[in-house]
file model_24.txt (compact mmCIF, C-alpha atoms and all ligand atoms)
# COMPACT_ATOMS: atom_id res chain seq x y z
CA MET S 599 -107.19 101.05 117.07
CA SER S 600 -107.17 103.30 114.06
CA ASP S 601 -105.86 106.80 114.46
CA THR S 602 -107.36 108.80 111.63
CA ILE S 603 -105.75 112.17 111.02
CA LEU S 604 -107.86 113.29 108.10
CA LYS S 605 -111.29 112.16 107.10
CA VAL S 606 -112.82 113.88 104.12
CA SER S 607 -116.09 112.85 102.53
CA GLY S 608 -118.33 113.97 99.73
CA VAL S 609 -116.25 116.86 98.43
CA SER S 610 -117.62 118.42 95.26
CA LYS S 611 -116.53 121.59 93.55
CA ARG S 612 -117.82 123.10 90.35
CA PHE S 613 -116.31 125.93 88.33
CA GLY S 614 -119.06 127.18 86.01
CA GLY S 615 -119.82 124.24 83.74
CA LEU S 616 -116.87 122.20 84.91
CA GLN S 617 -117.26 119.64 87.68
CA ALA S 618 -113.70 119.78 89.05
CA LEU S 619 -114.42 117.41 91.97
CA SER S 620 -117.35 115.01 92.40
CA ASP S 621 -117.96 113.34 95.71
CA VAL S 622 -114.31 112.80 96.65
CA GLY S 623 -113.40 111.29 100.01
CA ILE S 624 -110.21 110.10 101.66
CA HIS S 625 -109.08 108.72 105.01
CA ILE S 626 -105.52 109.22 106.13
CA GLU S 627 -104.13 107.44 109.18
CA ARG S 628 -101.43 108.93 111.39
CA GLY S 629 -97.94 108.25 110.07
CA GLN S 630 -99.05 107.48 106.53
CA VAL S 631 -97.80 108.96 103.32
CA TYR S 632 -100.94 109.25 101.23
CA GLY S 633 -100.70 109.92 97.51
CA LEU S 634 -103.15 111.85 95.37
CA ILE S 635 -102.46 111.18 91.72
CA GLY S 636 -104.14 111.55 88.37
CA PRO S 637 -103.62 113.02 84.92
CA ASN S 638 -103.37 116.78 84.29
CA GLY S 639 -106.55 118.58 85.19
CA ALA S 640 -107.86 115.66 87.27
CA GLY S 641 -108.66 117.90 90.24
CA LYS S 642 -105.71 117.25 92.55
CA THR S 643 -104.78 120.87 93.17
CA THR S 644 -108.45 121.79 93.48
CA PHE S 645 -108.74 119.19 96.25
CA PHE S 646 -105.71 120.70 98.02
CA ASN S 647 -107.16 124.16 97.61
CA VAL S 648 -110.47 123.06 99.10
CA LEU S 649 -108.71 121.30 101.96
CA THR S 650 -106.61 124.35 102.77
CA GLY S 651 -109.39 126.90 102.50
CA LEU S 652 -108.44 128.56 99.21
CA TYR S 653 -111.63 127.33 97.52
CA THR S 654 -115.00 126.88 99.17
CA PRO S 655 -116.43 123.47 98.27
CA ASP S 656 -120.03 123.06 97.11
CA SER S 657 -120.32 120.13 99.51
CA GLY S 658 -118.13 118.03 101.73
CA SER S 659 -117.32 117.28 105.34
CA PHE S 660 -113.95 117.26 107.04
CA GLU S 661 -112.48 115.89 110.25
CA LEU S 662 -108.96 116.56 111.42
CA ALA S 663 -107.56 114.37 114.20
CA GLY S 664 -111.05 113.39 115.28
CA LYS S 665 -112.46 116.93 115.38
CA PRO S 666 -114.73 118.62 112.87
CA TYR S 667 -112.62 120.85 110.70
CA LYS S 668 -113.83 123.65 108.49
CA PRO S 669 -111.26 124.88 105.97
CA SER S 670 -111.10 128.67 106.25
CA ALA S 671 -108.46 131.40 106.06
CA VAL S 672 -104.93 130.15 105.44
CA HIS S 673 -103.54 130.97 108.89
CA GLU S 674 -106.57 129.32 110.51
CA VAL S 675 -105.89 126.19 108.49
CA ALA S 676 -102.29 126.18 109.71
CA LYS S 677 -103.48 126.68 113.27
CA ALA S 678 -105.91 123.81 112.93
CA GLY S 679 -102.96 121.64 111.95
CA ILE S 680 -102.60 121.46 108.17
CA ALA S 681 -99.53 122.90 106.47
CA ARG S 682 -98.96 122.85 102.76
CA THR S 683 -96.47 123.60 100.05
CA PHE S 684 -97.34 124.83 96.59
CA GLN S 685 -96.76 123.57 93.07
CA ASN S 686 -95.29 126.97 92.23
CA ILE S 687 -92.98 127.66 95.13
CA ARG S 688 -94.25 130.45 97.35
CA LEU S 689 -91.46 131.72 99.53
CA PHE S 690 -90.63 135.23 100.67
CA ALA S 691 -87.93 135.60 98.03
CA ASP S 692 -86.06 138.49 99.64
CA MET S 693 -86.13 137.12 103.16
CA THR S 694 -83.43 134.72 104.34
CA ALA S 695 -84.03 130.99 104.55
CA LEU S 696 -84.13 131.26 108.34
CA GLU S 697 -86.65 134.11 108.29
CA ASN S 698 -88.89 132.13 105.95
CA VAL S 699 -89.04 129.28 108.45
CA MET S 700 -89.53 131.69 111.35
CA VAL S 701 -92.64 133.02 109.63
CA GLY S 702 -94.10 129.52 109.71
CA ARG S 703 -93.23 129.16 113.38
CA HIS S 704 -94.89 132.42 114.38
CA ILE S 705 -98.38 130.97 114.24
CA ARG S 706 -97.47 128.91 117.33
CA THR S 707 -96.27 131.89 119.38
CA LYS S 708 -97.98 133.58 122.27
CA SER S 709 -96.66 137.14 122.44
CA GLY S 710 -98.49 138.27 119.32
CA LEU S 711 -98.35 141.61 117.61
CA ILE S 712 -98.39 143.80 120.72
CA GLY S 713 -95.42 141.90 122.18
CA ALA S 714 -93.58 142.27 118.89
CA VAL S 715 -94.18 146.02 118.71
CA LEU S 716 -93.21 146.64 122.35
CA ARG S 717 -90.37 144.11 122.17
CA THR S 718 -91.25 142.78 125.61
CA PRO S 719 -88.79 140.40 127.35
CA GLY S 720 -91.29 137.61 126.73
CA PHE S 721 -91.26 138.42 123.04
CA LYS S 722 -87.46 138.47 122.84
CA ALA S 723 -87.11 135.12 124.57
CA GLU S 724 -89.76 133.65 122.33
CA GLU S 725 -88.07 135.08 119.24
CA ALA S 726 -84.76 133.47 120.21
CA ALA S 727 -86.51 130.13 120.71
CA ILE S 728 -88.18 130.46 117.30
CA ALA S 729 -84.85 131.21 115.62
CA LYS S 730 -83.28 128.16 117.29
CA ARG S 731 -86.10 125.87 116.29
CA SER S 732 -86.09 127.28 112.75
CA GLN S 733 -82.36 126.61 112.40
CA GLU S 734 -82.95 123.04 113.58
CA LEU S 735 -85.57 122.61 110.89
CA LEU S 736 -83.23 123.95 108.21
CA ASP S 737 -80.63 121.43 109.39
CA TYR S 738 -83.28 118.72 109.35
CA VAL S 739 -84.20 119.30 105.70
CA GLY S 740 -80.50 119.56 104.82
CA ILE S 741 -80.04 123.26 104.09
CA GLY S 742 -78.82 124.53 107.47
CA LYS S 743 -75.74 126.14 105.95
CA TYR S 744 -77.92 128.42 103.85
CA ALA S 745 -79.77 129.93 106.81
CA ASP S 746 -78.60 133.47 106.02
CA PHE S 747 -79.03 133.24 102.25
CA LYS S 748 -81.97 134.97 100.64
CA ALA S 749 -84.55 132.42 99.56
CA ARG S 750 -84.34 133.45 95.92
CA THR S 751 -80.63 132.63 95.75
CA LEU S 752 -81.18 128.97 96.66
CA SER S 753 -81.33 126.26 94.02
CA TYR S 754 -84.74 125.03 92.98
CA GLY S 755 -84.39 121.81 94.95
CA ASP S 756 -83.29 123.71 98.06
CA GLN S 757 -86.22 126.13 97.75
CA ARG S 758 -88.55 123.14 97.82
CA ARG S 759 -86.77 121.88 100.94
CA LEU S 760 -87.16 125.32 102.48
CA GLU S 761 -90.88 125.23 101.80
CA ILE S 762 -91.04 121.88 103.59
CA ALA S 763 -89.10 123.30 106.56
CA ARG S 764 -91.51 126.22 106.73
CA ALA S 765 -94.47 123.85 106.64
CA LEU S 766 -92.94 121.72 109.41
CA ALA S 767 -92.41 124.85 111.49
CA THR S 768 -96.15 125.09 112.09
CA ASP S 769 -96.06 121.67 113.84
CA PRO S 770 -98.73 120.28 111.55
CA GLN S 771 -100.91 117.24 112.10
CA LEU S 772 -100.84 116.86 108.34
CA ILE S 773 -98.38 118.18 105.82
CA ALA S 774 -99.70 118.51 102.28
CA LEU S 775 -97.05 118.61 99.56
CA ASP S 776 -98.11 119.74 96.09
CA GLU S 777 -95.74 118.18 93.57
CA PRO S 778 -92.62 118.44 95.70
CA ALA S 779 -90.45 116.74 93.05
CA ALA S 780 -91.51 118.99 90.18
CA GLY S 781 -88.47 120.28 88.32
CA MET S 782 -86.02 118.23 90.38
CA ASN S 783 -83.23 116.21 88.83
CA ALA S 784 -82.74 112.52 89.61
CA THR S 785 -80.33 113.11 92.49
CA GLU S 786 -82.59 115.71 94.08
CA LYS S 787 -85.52 113.30 93.78
CA VAL S 788 -83.63 110.58 95.64
CA GLN S 789 -82.80 113.08 98.39
CA LEU S 790 -86.41 114.26 98.51
CA ARG S 791 -87.59 110.70 98.89
CA GLU S 792 -85.21 110.21 101.81
CA LEU S 793 -86.45 113.42 103.40
CA ILE S 794 -90.12 112.43 103.07
CA ASP S 795 -89.29 109.00 104.49
CA GLN S 796 -87.57 110.67 107.42
CA ILE S 797 -90.54 112.97 108.04
CA ARG S 798 -92.80 109.93 108.12
CA LYS S 799 -90.45 108.11 110.50
CA ASP S 800 -90.72 111.10 112.79
CA ASN S 801 -94.41 110.31 113.05
CA ARG S 802 -95.74 112.98 110.74
CA THR S 803 -98.53 112.37 108.28
CA ILE S 804 -98.15 113.41 104.67
CA LEU S 805 -100.56 113.99 101.81
CA LEU S 806 -98.74 114.14 98.52
CA ILE S 807 -99.68 115.21 95.01
CA GLU S 808 -97.08 113.92 92.65
CA HIS S 809 -96.67 113.27 88.96
CA ASP S 810 -93.63 111.09 89.31
CA VAL S 811 -95.31 107.68 89.48
CA LYS S 812 -92.12 105.95 90.58
CA LEU S 813 -91.79 108.30 93.54
CA VAL S 814 -95.44 107.85 94.50
CA MET S 815 -95.33 104.08 94.22
CA GLY S 816 -92.14 103.87 96.25
CA LEU S 817 -93.23 106.24 99.01
CA CYS S 818 -96.96 106.05 99.53
CA ASP S 819 -98.83 103.72 101.86
CA ARG S 820 -102.09 104.38 100.05
CA VAL S 821 -103.09 106.20 96.91
CA THR S 822 -106.22 107.81 95.51
CA VAL S 823 -106.49 108.32 91.78
CA LEU S 824 -108.59 111.17 90.41
CA ASP S 825 -109.69 111.51 86.82
CA TYR S 826 -111.94 114.34 85.64
CA GLY S 827 -112.73 115.08 89.28
CA LYS S 828 -113.87 111.55 90.08
CA GLN S 829 -112.16 109.08 92.33
CA ILE S 830 -111.48 106.14 90.05
CA ALA S 831 -109.34 104.07 92.42
CA GLU S 832 -108.15 103.94 96.02
CA GLY S 833 -105.82 101.46 97.68
CA LEU S 834 -102.30 100.18 97.98
CA PRO S 835 -99.95 101.50 95.28
CA SER S 836 -99.40 97.96 93.99
CA GLU S 837 -103.18 97.46 93.57
CA VAL S 838 -103.81 100.85 92.04
CA GLN S 839 -101.03 100.40 89.52
CA LYS S 840 -102.80 97.34 88.11
CA ASN S 841 -106.26 98.92 88.02
CA GLU S 842 -107.69 98.99 84.49
CA LYS S 843 -109.41 102.36 84.95
CA VAL S 844 -106.17 103.90 86.14
CA ILE S 845 -104.18 102.52 83.25
CA THR S 846 -106.78 103.80 80.78
CA ALA S 847 -106.92 107.25 82.42
CA TYR S 848 -103.16 107.67 82.18
CA LEU S 849 -102.79 106.24 78.68
CA GLY S 850 -105.79 108.19 77.46
CA THR S 851 -104.17 111.50 78.28
CA GLY S 852 -100.75 110.69 76.95
CA HIS S 853 -99.00 110.03 80.31
N1 LIG V 1 -110.10 128.70 89.79
C1 LIG V 1 -110.53 127.93 88.78
N2 LIG V 1 -111.48 128.38 87.92
C2 LIG V 1 -111.92 127.62 86.90
N3 LIG V 1 -111.49 126.37 86.64
C3 LIG V 1 -110.54 125.87 87.47
C4 LIG V 1 -110.01 126.61 88.56
N4 LIG V 1 -109.08 125.85 89.20
C5 LIG V 1 -109.04 124.69 88.51
N5 LIG V 1 -109.92 124.70 87.48
C6 LIG V 1 -110.17 123.59 86.55
O1 LIG V 1 -110.47 122.45 87.32
C7 LIG V 1 -109.90 121.29 86.72
C8 LIG V 1 -109.02 120.61 87.72
O2 LIG V 1 -107.82 121.39 87.86
P1 LIG V 1 -106.67 121.06 88.93
O3 LIG V 1 -105.67 122.14 88.83
O4 LIG V 1 -107.28 120.78 90.23
O5 LIG V 1 -106.08 119.71 88.32
P2 LIG V 1 -104.76 118.95 88.73
O6 LIG V 1 -105.14 117.53 88.84
O7 LIG V 1 -104.13 119.59 89.89
O8 LIG V 1 -103.88 119.18 87.43
P3 LIG V 1 -102.29 119.37 87.26
O9 LIG V 1 -101.73 118.01 87.43
O10 LIG V 1 -102.21 119.86 85.86
O11 LIG V 1 -101.85 120.35 88.28
C9 LIG V 1 -109.18 121.75 85.46
O12 LIG V 1 -110.01 121.55 84.36
C10 LIG V 1 -108.95 123.22 85.73
O13 LIG V 1 -108.91 123.94 84.52
call {"tool": "encode", "arguments": {"input": "model_24.txt", "output": "structure tokens"}}
result
Amino acid sequence: MSDTILKVSGVSKRFGGLQALSDVGIHIERGQVYGLIGPNGAGKTTFFNVLTGLYTPDSGSFELAGKPYKPSAVHEVAKAGIARTFQNIRLFADMTALENVMVGRHIRTKSGLIGAVLRTPGFKAEEAAIAKRSQELLDYVGIGKYADFKARTLSYGDQRRLEIARALATDPQLIALDEPAAGMNATEKVQLRELIDQIRKDNRTILLIEHDVKLVMGLCDRVTVLDYGKQIAEGLPSEVQKNEKVITAYLGTGH
């Protein structure tokens, strides 16, 4: 039986005269790593932004883990079960690595603001549990020893790992990574690949935008290719790689 985590159909988005997405749809099964690729300006980030409520689509329907899902405010999206990272890292630069992950975890807490202000026993116990879980996540992504370092002092590669830890902290059904390998050196890319593989093995589902074709082809179970907002191919990486339209789209834009 199929276990679809994300089902998106008919997503269109126009910016003035520019059709950034036309009738895009994807299905992602639980435990898959699903790649979204395409030349610069193809619409990949726009799709992520629609999916995570930053842009309102002109049309489109969404289902998350079998339930209708309406992308809305960012924290609602996280609550619904989608966590994302950004192409341009968005961390709280002056907070520690641990605190950054704790922020992600807070959306799953019960005490809420009143508990935090009154520092009730329930709040304190919950806070300790969040700190413990956050440290575990830092260890999991391989930067546990930097827990007390300010985010901005971490290397680029480690900041990307921290973003992933923060995303995982929300216990997402789907984790959406926007160019996680951007700016990484070869060694960091190998480590990132191992981390993403591990996340998949732990039964998480991943949607990935990535420019590094080698990384995408090695990691993804399925791939969708966008070009000028249109879906020009969908399938196994090995199939997509041979697709004439895909080859032309990439060559045509100098990739
Ligand atoms: N807020 C916006 N207002 C107007 N145009 C936009 C906006 N966001 C994106 N676009 C345009 O939509 C098109 C798709 O952009 P998008 O960033 O989604 O592409 P992309 O595939 O993510 O590209 P890249 O690989 O360069 O990140 C581009 O032509 C872009 O200029």
call {"tool": "residues_near_ligand", "arguments": {"input": "model_24.txt", "ligand": "ligand LIG 1 (chain V)", "cutoff": "6 Å", "atoms": "all atoms listed in the file", "output": "list in words"}}
result
Phe613, Ala618, Pro637, Asn638, Gly639, Ala640, Gly641, Lys642, Thr643 and Thr644 of chain S
call {"tool": "write_last_selection", "arguments": {"input": "model_24.txt", "atoms": "C-alpha atoms", "output": "PDB file, in the coordinates of the input"}}
result
ATOM      1  CA  PHE S 613    -116.310 125.930  88.330  1.00  0.00           C
ATOM      2  CA  ALA S 618    -113.700 119.780  89.050  1.00  0.00           C
ATOM      3  CA  PRO S 637    -103.620 113.020  84.920  1.00  0.00           C
ATOM      4  CA  ASN S 638    -103.370 116.780  84.290  1.00  0.00           C
ATOM      5  CA  GLY S 639    -106.550 118.580  85.190  1.00  0.00           C
ATOM      6  CA  ALA S 640    -107.860 115.660  87.270  1.00  0.00           C
ATOM      7  CA  GLY S 641    -108.660 117.900  90.240  1.00  0.00           C
ATOM      8  CA  LYS S 642    -105.710 117.250  92.550  1.00  0.00           C
ATOM      9  CA  THR S 643    -104.780 120.870  93.170  1.00  0.00           C
ATOM     10  CA  THR S 644    -108.450 121.790  93.480  1.00  0.00           C
TER      11      THR S 644
END
call {"tool": "residues_around", "arguments": {"input": "model_24.txt", "residues": "Val788 of chain S", "least_positions_apart": "2", "cutoff": "12 Å", "atoms": "all atoms listed in the file", "output": "VMD selection string"}}
result
chain S and resid 755 778 to 779 782 to 786 790 to 795 810 812 to 813 816 to 817
call {"tool": "residues_near_point", "arguments": {"input": "model_24.txt", "point": "(-97.5, 109.6, 98.4)", "cutoff": "6 Å", "atoms": "all atoms listed in the file", "output": "ChimeraX atom specification"}}
result
/S:631-633,806,814,817-818
call {"tool": "atom_distance", "arguments": {"input": "model_24.txt", "atom1": "atom CA of Gly608 of chain S", "atom2": "atom CA of Ile624 of chain S"}}
result
9.2 Å
call {"tool": "atom_distance", "arguments": {"input": "model_24.txt", "atom1": "atom CA of Ile804 of chain S", "atom2": "atom CA of Arg682 of chain S"}}
result
9.7 Å
call {"tool": "closest_residue", "arguments": {"input": "model_24.txt", "among": "S:Lys787, S:Lys748, S:Lys605, S:Lys730", "to": "Phe690 of chain S", "atoms": "all atoms listed in the file"}}
result
S:Lys748
call {"tool": "closest_atom_pairs", "arguments": {"input": "model_24.txt", "of": "segment 704-774 of chain S", "to": "segment 658-678 of chain S", "cutoff": "12 Å", "atoms": "only C-alpha atoms", "output": "CSV"}}
result
residue,atom,partner,partner_atom,distance
S:His704,CA,S:His673,CA,10.3
S:Ile705,CA,S:Lys677,CA,6.7
S:Arg706,CA,S:Lys677,CA,7.6
S:Thr707,CA,S:Lys677,CA,10.8
S:Arg764,CA,S:Ala676,CA,11.2
S:Ala765,CA,S:Ala676,CA,8.7
S:Leu766,CA,S:Ala676,CA,10.4
S:Ala767,CA,S:Ala676,CA,10.1
S:Thr768,CA,S:Ala676,CA,6.7
S:Asp769,CA,S:Ala676,CA,8.7
S:Pro770,CA,S:Ala676,CA,7.1
S:Gln771,CA,S:Ala663,CA,7.5
S:Leu772,CA,S:Leu662,CA,8.7
S:Ile773,CA,S:Ala676,CA,9.7
S:Ala774,CA,S:Ala676,CA,11.0
call {"tool": "atom_distance", "arguments": {"input": "model_24.txt", "atom1": "atom CA of Arg759 of chain S", "atom2": "atom CA of Val701 of chain S"}}
result
15.3 Å
call {"tool": "residues_around", "arguments": {"input": "model_24.txt", "residues": "Val821 of chain S", "least_positions_apart": "5", "cutoff": "12 Å", "atoms": "only C-alpha atoms", "output": "ChimeraX atom specification"}}
result
/S:623-626,630-636,804-808,811,813-816,829-839,841,844
call {"tool": "residues_around", "arguments": {"input": "model_24.txt", "residues": "Leu696 of chain S", "least_positions_apart": "5", "cutoff": "8 Å", "atoms": "all atoms listed in the file", "output": "mmCIF file with C-alpha atoms, keeping the file's coordinate frame"}}
result
data_model
loop_
_atom_site.group_PDB
_atom_site.id
_atom_site.type_symbol
_atom_site.label_atom_id
_atom_site.label_comp_id
_atom_site.auth_asym_id
_atom_site.auth_seq_id
_atom_site.Cartn_x
_atom_site.Cartn_y
_atom_site.Cartn_z
ATOM 1 C CA ALA S 729 -84.850 131.210 115.620
ATOM 2 C CA SER S 732 -86.090 127.280 112.750
ATOM 3 C CA GLN S 733 -82.360 126.610 112.400
ATOM 4 C CA LEU S 736 -83.230 123.950 108.210
ATOM 5 C CA ALA S 745 -79.770 129.930 106.810
ATOM 6 C CA ASP S 746 -78.600 133.470 106.020
#
call {"tool": "closest_residue", "arguments": {"input": "model_24.txt", "among": "S:Gly720, S:Val823, S:Thr846, S:Thr803", "to": "Ala681 of chain S", "atoms": "all atoms listed in the file"}}
result
S:Thr803
call {"tool": "closest_residue", "arguments": {"input": "model_24.txt", "among": "S:Met693, S:Leu616, S:Val699, S:Val606", "to": "Phe646 of chain S", "atoms": "all atoms listed in the file"}}
result
S:Val606
call {"tool": "closest_residue", "arguments": {"input": "model_24.txt", "among": "S:Glu724, S:Glu761, S:Asp656, S:Glu842", "to": "Ala691 of chain S", "atoms": "all atoms listed in the file"}}
result
S:Glu761
call {"tool": "closest_residue", "arguments": {"input": "model_24.txt", "among": "S:Gln757, S:Asn647, S:Ser607, S:Gln796", "to": "Leu689 of chain S", "atoms": "all atoms listed in the file"}}
result
S:Gln757
